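**Student:** File follows, work_4.cif with mmCIF, C-alpha atoms:
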data_entry
loop_
_atom_site.label_atom_id
_atom_site.label_comp_id
_atom_site.auth_asym_id
_atom_site.auth_seq_id
_atom_site.Cartn_x
_atom_site.Cartn_y
_atom_site.Cartn_z
CA MET A 13 -1.52 19.13 1.32
CA ILE A 14 -0.66 15.79 2.85
CA ASP A 15 -1.40 16.04 6.55
CA LEU A 16 1.17 14.55 8.91
CA PRO A 17 1.28 14.30 12.72
CA PRO A 18 3.54 16.99 14.24
CA ARG A 19 7.22 16.12 13.97
CA ILE A 20 9.06 16.58 17.25
CA ALA A 21 12.73 17.50 16.96
CA LEU A 22 14.99 15.56 19.33
CA THR A 23 15.88 18.84 21.03
CA ASP A 24 12.18 19.43 21.76
CA LEU A 25 11.58 16.00 23.29
CA PRO A 26 12.30 17.15 26.88
CA ASP A 27 9.55 19.77 26.55
CA LEU A 28 7.07 17.23 25.19
CA LEU A 29 7.86 14.73 27.95
CA SER A 30 7.95 17.26 30.76
CA GLY A 31 5.11 16.71 33.21
CA ARG A 32 3.92 13.62 31.36
CA ARG A 33 3.63 10.12 32.73
CA ALA A 34 5.37 8.58 29.73
CA VAL A 35 6.65 5.07 29.08
CA ILE A 36 8.73 3.67 26.25
CA THR A 37 8.41 0.36 24.39
CA GLY A 38 9.67 -1.48 21.33
CA ARG A 39 13.27 -1.27 20.12
CA VAL A 40 14.31 0.94 23.02
CA ALA A 41 18.04 0.29 22.47
CA ALA A 42 17.85 2.54 19.42
CA ALA A 43 17.14 5.49 21.74
CA GLN A 44 19.95 4.90 24.21
CA ASP A 45 21.83 7.99 22.99
CA VAL A 46 18.83 10.27 23.52
CA PRO A 47 18.85 11.08 27.27
CA SER A 48 15.20 12.18 27.49
CA LEU A 49 14.08 8.85 25.97
CA ALA A 50 16.67 6.68 27.73
CA ALA A 51 15.37 7.96 31.07
CA LEU A 52 11.81 6.73 30.50
CA PRO A 53 10.45 3.59 32.17
CA VAL A 54 10.42 0.68 29.73
CA VAL A 55 7.35 -1.52 29.22
CA GLU A 56 7.75 -4.85 27.41
CA THR A 57 4.70 -4.34 25.21
CA PRO A 58 2.18 -1.50 24.80
CA ALA A 59 -0.40 -3.68 26.59
CA LYS A 60 1.73 -3.46 29.76
CA THR A 61 1.44 0.32 29.88
CA PRO A 62 0.37 1.38 33.41
CA SER A 63 -3.15 2.75 33.63
CA ASP A 64 -1.91 6.17 34.81
CA ALA A 65 0.46 6.65 31.85
CA ASP A 66 -0.59 9.38 29.41
CA LEU A 67 2.05 8.97 26.69
CA VAL A 68 3.55 5.89 25.08
CA VAL A 69 6.73 6.23 23.06
CA VAL A 70 7.10 3.34 20.62
CA LEU A 71 10.19 2.57 18.57
CA GLY A 72 10.38 0.01 15.81
CA GLY A 73 9.60 -0.92 12.23
CA GLY A 74 6.16 -0.76 10.65
CA THR A 75 4.85 -3.95 12.25
CA ARG A 76 5.72 -2.80 15.76
CA LEU A 77 4.39 0.71 15.23
CA ASP A 78 1.14 -0.63 13.77
CA ALA A 79 0.69 -3.00 16.71
CA ALA A 80 1.11 -0.08 19.14
CA LYS A 81 -1.31 2.06 17.09
CA ALA A 82 -3.89 -0.73 17.15
CA TRP A 83 -3.48 -1.31 20.89
CA ARG A 84 -3.81 2.40 21.67
CA GLY A 85 -6.77 2.86 19.32
CA ARG A 86 -8.68 -0.04 20.79
CA ASN A 87 -7.72 0.19 24.46
CA ARG A 88 -6.35 3.58 25.46
CA PRO A 89 -7.66 6.38 23.27
CA ASP A 90 -6.85 8.72 26.20
CA CYS A 91 -3.14 7.93 25.94
CA ALA A 92 -1.04 9.86 23.42
CA LEU A 93 1.35 8.03 21.10
CA LEU A 94 4.79 9.18 19.94
CA ALA A 95 5.95 6.94 17.09
CA ILE A 96 9.65 6.73 16.25
CA PRO A 97 10.47 4.47 13.29
CA THR A 98 13.80 2.64 13.36
CA ARG A 99 13.80 2.36 9.58
CA PHE A 100 11.98 4.28 6.86
CA GLY A 101 9.63 2.84 4.27
CA SER A 102 6.47 1.85 6.09
CA GLY A 103 5.68 5.43 7.11
CA ALA A 104 3.53 3.88 9.84
CA GLU A 105 4.33 6.79 12.17
CA ALA A 106 2.36 9.13 9.93
CA ASN A 107 -0.97 7.56 9.08
CA ASP A 108 -4.26 6.37 10.52
CA ILE A 109 -3.96 2.80 9.26
CA ALA A 110 -3.01 -0.25 11.28
CA VAL A 111 -2.04 -3.32 9.24
CA LEU A 112 -2.19 -6.35 11.50
CA ASP A 113 -1.08 -9.91 10.97
CA ASP A 114 -3.89 -12.22 12.02
CA ARG A 115 -2.42 -15.74 11.86
CA GLY A 116 -0.82 -15.05 8.50
CA ALA A 117 -3.68 -13.00 7.04
CA LYS A 118 -3.26 -9.24 6.81
CA THR A 119 -6.11 -7.14 8.14
CA ILE A 120 -6.26 -3.41 7.56
CA GLN A 121 -7.92 -1.07 10.03
CA LYS A 122 -8.34 2.64 9.47
CA GLY A 123 -9.51 5.36 11.79
CA PRO A 124 -8.38 8.53 13.55
CA GLU A 125 -7.80 6.56 16.76
CA PHE A 126 -4.91 4.74 15.06
CA ARG A 127 -2.99 7.88 14.10
CA PRO A 128 -0.03 8.76 16.38
CA GLU A 129 -0.22 12.24 17.92
CA TYR A 130 3.50 12.81 17.38
CA ARG A 131 6.38 11.44 15.37
CA ALA A 132 10.12 11.81 15.76
CA TYR A 133 13.20 10.45 14.01
CA LEU A 134 16.60 9.21 15.09
CA PRO A 135 18.78 9.94 12.04
CA GLY A 136 21.59 7.82 13.47
CA VAL A 137 19.64 4.56 13.05
CA LEU A 138 20.08 4.67 9.28
CA GLN A 139 23.87 4.62 9.64
CA THR A 140 23.82 1.10 11.09
CA LEU A 141 21.19 -0.50 8.85
CA PRO A 142 22.53 -3.06 6.36
CA GLU A 143 22.56 -2.12 2.68
CA ASP A 144 19.83 -4.58 1.71
CA ALA A 145 17.46 -3.36 4.46
CA LEU A 146 17.97 0.19 3.18
CA LEU A 147 17.18 -0.94 -0.36
CA TRP A 148 13.92 -2.62 0.72
CA SER A 149 13.00 0.50 2.71
CA LYS A 150 13.55 2.58 -0.38
CA GLY A 151 11.41 0.19 -2.43
CA ASP A 152 8.65 0.30 0.17
CA ALA A 153 8.61 4.11 0.25
CA LEU A 154 8.70 4.37 -3.54
CA THR A 155 5.82 1.91 -3.84
CA HIS A 156 3.65 3.96 -1.49
CA ALA A 157 4.33 7.18 -3.41
CA LEU A 158 3.84 5.55 -6.80
CA GLU A 159 0.73 3.50 -6.07
CA GLY A 160 -0.85 6.46 -4.26
CA LEU A 161 -0.14 8.72 -7.24
CA LEU A 162 -1.56 6.19 -9.72
CA SER A 163 -4.57 5.34 -7.55
CA PRO A 164 -7.94 5.92 -9.22
CA LEU A 165 -9.07 7.36 -5.89
CA ALA A 166 -6.39 10.09 -5.74
CA THR A 167 -7.41 13.68 -6.37
CA ASP A 168 -5.37 15.91 -8.67
CA ALA A 169 -4.06 17.80 -5.63
CA LEU A 170 -2.91 14.60 -3.96
CA ARG A 171 -1.26 13.42 -7.19
CA ALA A 172 0.64 16.71 -7.35
CA ASP A 173 1.83 16.30 -3.75
CA LEU A 174 2.88 12.69 -4.30
CA ALA A 175 4.62 13.69 -7.53
CA ASP A 176 6.76 16.15 -5.53
CA VAL A 177 7.62 13.31 -3.15
CA LEU A 178 8.46 10.97 -6.01
CA HIS A 179 10.63 13.59 -7.76
CA THR A 180 12.64 14.08 -4.57
CA MET A 181 12.98 10.32 -4.09
CA LEU A 182 14.29 9.93 -7.64
CA ASP A 183 16.93 12.58 -6.92
CA LEU A 184 17.93 11.29 -3.48
CA SER A 185 20.44 8.56 -4.14
CA ASP A 186 21.84 8.14 -0.61
CA PRO A 187 19.54 5.76 1.30
CA ARG A 188 21.16 6.79 4.58
CA ASP A 189 19.98 10.38 4.14
CA ALA A 190 17.54 11.16 6.97
CA GLU A 191 15.33 12.97 4.42
CA TRP A 192 14.01 9.51 3.53
CA PHE A 193 12.09 9.49 6.81
CA GLU A 194 10.09 12.58 5.84
CA LEU A 195 9.56 11.39 2.25
CA SER A 196 8.44 8.00 3.46
CA ALA A 197 5.97 9.58 5.90
CA LEU A 198 4.55 11.80 3.16
CA ALA A 199 4.27 8.88 0.73
CA ASN A 200 2.50 6.72 3.27
CA ALA A 201 0.10 9.37 4.53
CA GLY A 202 -0.58 10.30 0.90
CA GLN A 203 -1.51 6.80 -0.20
CA ALA A 204 -3.71 6.49 2.89
CA GLN A 205 -5.84 9.30 1.43
CA ALA A 206 -6.36 7.27 -1.76
CA SER A 207 -5.38 3.62 -2.12
CA VAL A 208 -2.53 1.40 -3.20
CA GLY A 209 -2.54 -1.22 -5.93
CA LEU A 210 -1.37 -4.59 -7.16
CA VAL A 211 2.10 -4.42 -5.57
CA HIS A 212 0.41 -4.33 -2.18
CA GLY A 213 -2.16 -6.94 -3.22
CA LEU A 214 0.68 -9.33 -4.05
CA ALA A 215 2.68 -8.44 -0.94
CA HIS A 216 -0.25 -8.89 1.44
CA VAL A 217 -1.30 -12.26 0.05
CA LEU A 218 2.12 -13.79 -0.58
CA GLU A 219 3.92 -12.80 2.62
CA ALA A 220 2.68 -15.71 4.73
CA PRO A 221 3.10 -18.53 2.18
CA ALA A 222 6.47 -17.20 0.97
CA ARG A 223 7.78 -16.92 4.53
CA ALA A 224 6.47 -20.40 5.32
CA GLU A 225 8.43 -21.80 2.40
CA LEU A 226 11.54 -19.88 3.45
CA ALA A 227 11.08 -21.16 7.00
CA THR A 228 11.76 -24.69 5.77
CA MET A 229 15.24 -23.38 4.86
CA GLY A 230 15.61 -21.32 8.04
CA ARG A 231 15.46 -18.11 5.97
CA GLU A 232 12.05 -16.64 6.85
CA ASP A 233 13.68 -13.57 8.40
CA GLN A 234 14.92 -12.56 4.96
CA LEU A 235 11.44 -11.66 3.71
CA GLY A 236 8.97 -9.07 4.93
CA HIS A 237 6.52 -6.55 3.55
CA ALA A 238 9.15 -4.04 2.41
CA ARG A 239 11.14 -6.62 0.45
CA LEU A 240 7.99 -7.99 -1.17
CA CYS A 241 6.90 -4.52 -2.27
CA SER A 242 10.43 -3.88 -3.54
CA GLY A 243 10.37 -7.12 -5.51
CA PHE A 244 7.07 -6.54 -7.25
CA LEU A 245 7.56 -2.81 -7.90
CA ALA A 246 9.14 -3.10 -11.35
CA PRO A 247 7.14 -6.09 -12.67
CA VAL A 248 3.84 -4.44 -11.68
CA LEU A 249 4.93 -1.11 -13.15
CA ARG A 250 5.58 -2.84 -16.49
CA TYR A 251 2.29 -4.76 -16.17
CA ASN A 252 0.45 -1.47 -15.67
CA PHE A 253 2.17 0.08 -18.68
CA THR A 254 1.17 -2.82 -20.92
CA ARG A 255 -2.40 -3.16 -19.68
CA SER A 256 -3.49 0.45 -20.28
CA ASP A 257 -2.20 3.95 -20.97
CA LYS A 258 -3.45 5.19 -17.60
CA ALA A 259 -0.25 4.71 -15.60
CA ALA A 260 1.96 6.28 -18.25
CA ASP A 261 -0.50 9.17 -18.73
CA ARG A 262 -0.66 9.92 -15.00
CA LEU A 263 3.13 9.91 -14.66
CA LYS A 264 3.52 12.11 -17.72
CA ALA A 265 0.93 14.57 -16.39
CA VAL A 266 3.06 15.22 -13.31
CA GLY A 267 6.39 15.21 -15.12
CA ILE A 268 7.75 11.91 -13.84
CA ASP A 269 10.28 10.38 -16.21
CA ARG A 270 8.89 6.89 -16.84
CA ASP A 271 12.26 5.45 -17.91
CA ALA A 272 14.11 6.85 -14.90
CA LEU A 273 11.44 5.46 -12.60
CA LEU A 274 11.55 2.05 -14.25
CA ALA A 275 15.36 1.98 -14.07
CA LEU A 276 15.27 2.73 -10.35
CA ALA A 277 12.50 0.17 -9.79
CA ASN A 278 14.49 -2.46 -11.67
CA SER A 279 17.57 -1.81 -9.56
CA ILE A 280 15.50 -2.57 -6.45
CA SER A 281 13.22 -5.37 -7.69
CA THR A 282 15.90 -7.63 -9.13
CA PRO A 283 17.82 -8.17 -5.86
CA ALA A 284 14.57 -8.19 -3.84
CA LEU A 285 13.19 -11.19 -5.73
CA ASP A 286 16.49 -13.04 -5.48
CA LEU A 287 15.35 -15.72 -3.06
CA PRO A 288 15.04 -19.49 -3.47
CA LEU A 289 11.32 -19.24 -4.23
CA ASP A 290 9.33 -20.04 -7.36
CA TRP A 291 7.53 -16.70 -7.63
CA PRO A 292 5.36 -17.59 -10.68
CA ASP A 293 4.25 -20.76 -8.93
CA LEU A 294 3.43 -18.86 -5.72
CA ILE A 295 1.46 -16.21 -7.60
CA GLU A 296 -0.49 -18.82 -9.53
CA ALA A 297 -1.28 -20.81 -6.38
CA HIS A 298 -2.67 -17.71 -4.64
CA TRP A 299 -4.10 -15.89 -7.64
CA LYS A 300 -7.72 -16.03 -6.45
CA SER A 301 -6.78 -14.38 -3.15
CA ILE A 302 -4.67 -11.78 -4.95
CA LEU A 303 -7.65 -10.93 -7.17
CA ARG A 304 -9.87 -10.51 -4.13
CA ASP A 305 -7.40 -8.36 -2.20
CA PHE A 306 -8.65 -4.88 -1.37
CA CYS A 307 -5.51 -3.26 -2.83
CA THR A 308 -5.49 -5.26 -6.07
CA ARG A 309 -8.98 -4.02 -6.86
CA THR A 310 -7.91 -0.38 -6.85
CA ASN A 311 -4.90 -0.96 -9.09
CA VAL A 312 -4.52 1.61 -11.86
CA ALA A 313 -5.07 -1.14 -14.47
CA THR A 314 -7.62 -3.89 -13.95
CA VAL A 315 -6.32 -7.18 -12.64
CA ARG A 316 -8.43 -9.98 -14.07
CA PRO A 317 -8.25 -13.78 -13.94
CA ALA A 318 -6.83 -13.94 -17.46
CA THR A 319 -4.10 -11.36 -16.79
CA LEU A 320 -2.20 -13.82 -14.58
CA THR A 321 -0.07 -14.80 -17.56
CA ALA A 322 0.86 -11.18 -18.29
CA LEU A 323 1.88 -10.62 -14.68
CA ILE A 324 3.87 -13.84 -14.46
CA THR A 325 5.69 -12.90 -17.66
CA GLU A 326 6.80 -9.64 -16.03
CA VAL A 327 7.80 -11.31 -12.75
CA SER A 328 9.76 -14.00 -14.59
CA ALA A 329 11.54 -11.35 -16.63
CA GLN A 330 12.81 -9.61 -13.50
CA MET B 218 -17.29 -10.48 -29.36
CA THR B 219 -20.33 -8.20 -28.94
CA ASN B 220 -20.28 -5.25 -26.55
CA LEU B 221 -22.66 -7.10 -24.24
CA GLU B 222 -20.29 -10.06 -24.17
CA LYS B 223 -17.39 -7.71 -23.42
CA LEU B 224 -19.36 -6.18 -20.56
CA GLN B 225 -20.32 -9.61 -19.21
CA ASP B 226 -16.68 -10.70 -19.39
CA LEU B 227 -15.57 -7.58 -17.53
CA LEU B 228 -18.18 -7.81 -14.77
CA GLU B 229 -17.58 -11.54 -14.25
CA ASP B 230 -13.93 -10.72 -13.69
CA VAL B 231 -14.04 -7.61 -11.53
CA LEU B 232 -17.06 -8.68 -9.50
CA LEU B 233 -15.66 -12.21 -9.20
CA LEU B 234 -18.98 -13.70 -10.33
CA GLU B 235 -19.63 -17.43 -10.40
CA ASP B 236 -20.42 -19.12 -13.72
CA GLY B 237 -24.01 -18.34 -14.70
CA GLN B 238 -24.37 -15.53 -12.16
CA PHE B 239 -24.33 -12.73 -14.73
CA SER B 240 -27.66 -11.41 -15.94
CA LEU B 241 -29.02 -8.10 -17.19
CA ASP B 242 -30.94 -7.80 -13.90
CA LEU B 243 -27.79 -7.78 -11.78
CA THR B 244 -27.65 -4.89 -9.29
CA ARG B 245 -25.09 -3.71 -6.77
CA ASP B 246 -27.38 -4.61 -3.88
CA GLY B 247 -27.76 -8.17 -5.15
CA VAL B 248 -24.05 -8.96 -5.51
CA GLU B 249 -22.00 -9.37 -2.36
CA THR B 250 -18.72 -8.59 -4.13
CA TRP B 251 -20.04 -5.36 -5.70
CA ASP B 252 -18.68 -3.21 -2.91
CA SER B 253 -17.07 0.22 -3.02
CA MET B 254 -13.77 -1.25 -4.25
CA ALA B 255 -15.60 -3.09 -7.02
CA THR B 256 -17.27 0.19 -8.00
CA VAL B 257 -13.78 1.59 -8.58
CA ALA B 258 -12.71 -1.53 -10.49
CA VAL B 259 -15.85 -1.42 -12.66
CA ALA B 260 -15.10 2.21 -13.56
CA ILE B 261 -11.48 1.39 -14.46
CA GLY B 262 -12.62 -1.62 -16.48
CA VAL B 263 -15.30 0.30 -18.37
CA GLU B 264 -12.67 2.78 -19.46
CA GLU B 265 -10.17 0.08 -20.43
CA VAL B 266 -12.69 -1.97 -22.42
CA PHE B 267 -14.93 0.72 -23.91
CA GLY B 268 -12.70 3.81 -23.80
CA HIS B 269 -15.11 5.94 -21.81
CA HIS B 270 -14.12 7.21 -18.38
CA PRO B 271 -16.96 7.63 -15.89
CA THR B 272 -16.58 10.65 -13.61
CA GLU B 273 -16.64 9.96 -9.87
CA GLU B 274 -20.37 10.80 -9.71
CA GLU B 275 -21.12 8.66 -12.76
CA ALA B 276 -19.12 5.75 -11.36
CA ILE B 277 -21.05 5.84 -8.09
CA ALA B 278 -24.33 5.93 -10.03
CA LEU B 279 -23.43 2.76 -11.96
CA ALA B 280 -25.37 0.49 -9.62
CA SER B 281 -26.63 -2.16 -12.03
CA VAL B 282 -25.85 -3.75 -15.38
CA THR B 283 -28.65 -1.66 -16.86
CA ASP B 284 -27.05 1.53 -15.50
CA ILE B 285 -23.73 0.63 -17.12
CA ILE B 286 -25.40 -0.13 -20.46
CA THR B 287 -27.36 3.15 -20.31
CA PHE B 288 -24.12 5.05 -19.53
CA LEU B 289 -22.29 3.41 -22.42
CA LYS B 290 -25.18 3.86 -24.86
CA ALA B 291 -25.15 7.59 -24.04
CA LYS B 292 -21.46 7.57 -25.05
CA GLY B 293 -22.34 5.98 -28.38
CA VAL B 294 -21.56 2.35 -27.57
CA ALA B 295 -24.07 0.07 -29.32
CA PHE B 296 -25.77 -2.69 -27.34
CA ASP B 297 -28.31 -3.92 -29.86
#
As structure tokens, how would this structure be written, given the file I've shared?

**Tutor:**
Amino acid sequence: MIDLPPRIALTDLPDLLSGRRAVITGRVAAAQDVPSLAALPVVETPAKTPSDADLVVVLGGGTRLDAAKAWRGRNRPDCALLAIPTRFGSGAEANDIAVLDDRGAKTIQKGPEFRPEYRAYLPGVLQTLPEDALLWSKGDALTHALEGLLSPLATDALRADLADVLHTMLDLSDPRDAEWFELSALANAGQAQASVGLVHGLAHVLEAPARAELATMGREDQLGHARLCSGFLAPVLRYNFTRSDKAADRLKAVGIDRDALLALANSISTPALDLPLDWPDLIEAHWKSILRDFCTRTNVATVRPATLTALITEVSAQ
Amino acid sequence: MTNLEKLQDLLEDVLLLEDGQFSLDLTRDGVETWDSMATVAVAIGVEEVFGHHPTEEEAIALASVTDIITFLKAKGVAFD
């Protein structure tokens, strides 16, 4: 069973907050319609939490949640954390990993001190998210479930759990369905028990240089981790299928329809890569770093210096 | 390409070895990049190249080039 932090229903929030010295931070505007959250004192950043506070409520995307998890883990292990994502995909509210951006380089920290004690969801936030943001969220969540399932470090039991998640994702066409929050949390906590693969290796290494290039056009806000994972999902899936039988065998073993999965991945990857960037050139320029990335090295098929051409062929075909 | 050459090729790639660094004496302790992730990558590579999948225990025990050759010889892969 994939273990998740307790999910607090919005109706149970007053009980959780009662008697606590709680503060709220992050994208607090998203909680303005929830009276028990709207009434909490706001702190600009987690670091400004008063020393007598015993619960921090953080709202935001994966980056903001991870920053709060890292701050709490390092500085205030005595203070509980309630994580409320404002979009699905990262699943950061559900795991014990904090991915931090250290001057453009991604560092990954893992430990029980980074795991939020509680999670909650605001279903309404999905109604206002733009279509493309929802698509990248879907790609991010799918990538976590898929790479976790294919991971050489996953147990059979974990693969079965992630297969259930993936089956439900394949059947859930409406990206505004709040069920995506739960699926995304399960996918993320599941992969955290194993590893991810080349999609994440590419996303981690290329985010900074790709954004820097987009910044020269004033478009850096159009690219983040979720869109990168979405973009490389289909090309890497095809790469894995051509490099060995392992990926196809593992999907078949849990009853995942390879063609349906590839069709869904294609429908996400094609628009995600549609940016004024030369992806093959970027991959080639950073290939050594991609090869060294922690995630690349646990890909279901080996990623070797000479397989650059095979990967670029798949990315170019997208 | 001989099986030894295939193994050398694989280990140079997944352990990110420099030119000339490969030798039959190579051990996990002596290679900075032969960490736990590389142990996983070596196991995946051995299966891809030689068609024999090390179990988790076997993969952990593959701590040198000699260990890998011994494992593969036991599976019938010739190294002479």

**Student:** What lies within 10 Å of B:Glu275 using all atoms listed in the file, ignoring chain neighbours under 3 positions off, as a list in words?

**Tutor:**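 Close residues of B:Glu275: Ala260, His270, Pro271, Thr272, Ala278, Leu279, Ala280, Asp284, Ile285 and Phe288 of chain B.
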
**Student:** Save out the residues we just selected, C-alpha atoms, as a tab-separated table (two decimals), keeping the file's coordinate frame.

**Tutor:**
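Okay, this is what ended up in result.tsv:
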chain	number	residue	atom	x	y	z
B	260	ALA	CA	-15.10	2.21	-13.56
B	270	HIS	CA	-14.12	7.21	-18.38
B	271	PRO	CA	-16.96	7.63	-15.89
B	272	THR	CA	-16.58	10.65	-13.61
B	278	ALA	CA	-24.33	5.93	-10.03
B	279	LEU	CA	-23.43	2.76	-11.96
B	280	ALA	CA	-25.37	0.49	-9.62
B	284	ASP	CA	-27.05	1.53	-15.50
B	285	ILE	CA	-23.73	0.63	-17.12
B	288	PHE	CA	-24.12	5.05	-19.53

**Student:** When you get a sec, could you note down which chain A residues fall within 8 Å of chain B, using only C-alpha atoms, as an NGL selection string?

**Tutor:** :A and (164-165 or 256 or 304 or 306 or 309-317)

**Student:** Decode the PyMOL selection byres ((chain A and resi 130) around 10) for the given file into explicit residues and return them as a list in words.

**Tutor:** Leu16, Pro17, Pro18, Arg19, Ile20, Leu28, Val69, Ala92, Leu93, Leu94, Ala95, Ile96, Glu105, Ala106, Arg127, Pro128, Glu129, Arg131 and Ala132 of chain A

**Student:** Applying 8 Å and only C-alpha atoms, which residues near A:Gln205 remain after dropping the ones on its own chain fewer than 3 positions away? List them as a list in words.

**Tutor:**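 Listed by chain and then number, they are Ala166, Ala201 and Gly202 of chain A.
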
**Student:** Write the selection just made, keeping C-alpha atoms, as a tab-separated table (two decimals), in the frame of the given file?

**Tutor:**
chain	number	residue	atom	x	y	z
A	166	ALA	CA	-6.39	10.09	-5.74
A	201	ALA	CA	0.10	9.37	4.53
A	202	GLY	CA	-0.58	10.30	0.90

**Student:** Which is closer to B:Ser281 than all the others in B:Phe267, B:Val248, B:Val294, B:Leu243, using all atoms listed in the file?

**Tutor:**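 Checking each candidate against B:Ser281, we get B:Leu243 as the closest.
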
**Student:** Measuring between all atoms listed in the file, which one of A:His212, A:Arg223, A:His156, A:Arg33 shows the shortest distance to A:Leu287?

**Tutor:**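 The answer is A:Arg223, which sits nearest to A:Leu287.
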
**Student:** The PyMOL selection byres ((chain A and resi 281-283) around 6) on the file shown: which residues, as an mmCIF file with C-alpha atoms, in the coordinates of the input?

**Tutor:**
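Below you can see result_37.cif, which holds the result:
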data_model
loop_
_atom_site.group_PDB
_atom_site.id
_atom_site.type_symbol
_atom_site.label_atom_id
_atom_site.label_comp_id
_atom_site.auth_asym_id
_atom_site.auth_seq_id
_atom_site.Cartn_x
_atom_site.Cartn_y
_atom_site.Cartn_z
ATOM 1 C CA SER A 242 10.430 -3.880 -3.540
ATOM 2 C CA GLY A 243 10.370 -7.120 -5.510
ATOM 3 C CA ALA A 246 9.140 -3.100 -11.350
ATOM 4 C CA ALA A 277 12.500 0.170 -9.790
ATOM 5 C CA ASN A 278 14.490 -2.460 -11.670
ATOM 6 C CA SER A 279 17.570 -1.810 -9.560
ATOM 7 C CA ILE A 280 15.500 -2.570 -6.450
ATOM 8 C CA ALA A 284 14.570 -8.190 -3.840
ATOM 9 C CA LEU A 285 13.190 -11.190 -5.730
ATOM 10 C CA ASP A 286 16.490 -13.040 -5.480
ATOM 11 C CA GLN A 330 12.810 -9.610 -13.500
#

**Student:** Find the residues near stretch 36-50 of chain A: any atom within 8 Å, counting only C-alpha atoms, skip ones fewer than 5 places away on the same chain, and give them as a VMD selection string.

**Tutor:** chain A and resid 22 25 to 26 29 55 to 58 68 to 72 76 98 134 137

**Student:** Interatomic distance between atom CA of A:Trp148 and atom CA of A:Leu245?

**Tutor:**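 About the pair atom CA of A:Trp148 and atom CA of A:Leu245: they are 10.7 Å apart.
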
**Student:** Please compute the atom CA of A:Asp257-atom CA of B:Gly268 distance, one decimal, in Å.

**Tutor:** 10.9 Å

**Student:** Can you list what the PyMOL selection byres ((chain A and resi 233-235) around 9) grabs from this structure, as a PDB file with C-alpha atoms, keeping the file's coordinate frame?

**Tutor:**
ATOM      1  CA  GLU A 219       3.920 -12.800   2.620  1.00  0.00           C
ATOM      2  CA  ALA A 222       6.470 -17.200   0.970  1.00  0.00           C
ATOM      3  CA  ARG A 223       7.780 -16.920   4.530  1.00  0.00           C
ATOM      4  CA  LEU A 226      11.540 -19.880   3.450  1.00  0.00           C
ATOM      5  CA  ALA A 227      11.080 -21.160   7.000  1.00  0.00           C
ATOM      6  CA  GLY A 230      15.610 -21.320   8.040  1.00  0.00           C
ATOM      7  CA  ARG A 231      15.460 -18.110   5.970  1.00  0.00           C
ATOM      8  CA  GLU A 232      12.050 -16.640   6.850  1.00  0.00           C
ATOM      9  CA  GLY A 236       8.970  -9.070   4.930  1.00  0.00           C
ATOM     10  CA  HIS A 237       6.520  -6.550   3.550  1.00  0.00           C
ATOM     11  CA  ALA A 238       9.150  -4.040   2.410  1.00  0.00           C
ATOM     12  CA  ARG A 239      11.140  -6.620   0.450  1.00  0.00           C
ATOM     13  CA  LEU A 240       7.990  -7.990  -1.170  1.00  0.00           C
ATOM     14  CA  ALA A 284      14.570  -8.190  -3.840  1.00  0.00           C
ATOM     15  CA  LEU A 287      15.350 -15.720  -3.060  1.00  0.00           C
TER      16      LEU A 287
END

**Student:** So how many Å separate atom CA of A:Gly267 and atom CA of A:Ala157, to one decimal?

**Tutor:** 14.3 Å

**Student:** Return as lines of an AutoDock Vina configuration file the centre and edge lengths, in Å with one decimal, of the box along x, y and z that encloses every atom of stretch 71-84 of chain A in the file, padded by 4 Å per side.

**Tutor:**
center_x = 3.2
center_y = -0.7
center_z = 16.2
size_x = 22.3
size_y = 14.5
size_z = 19.0
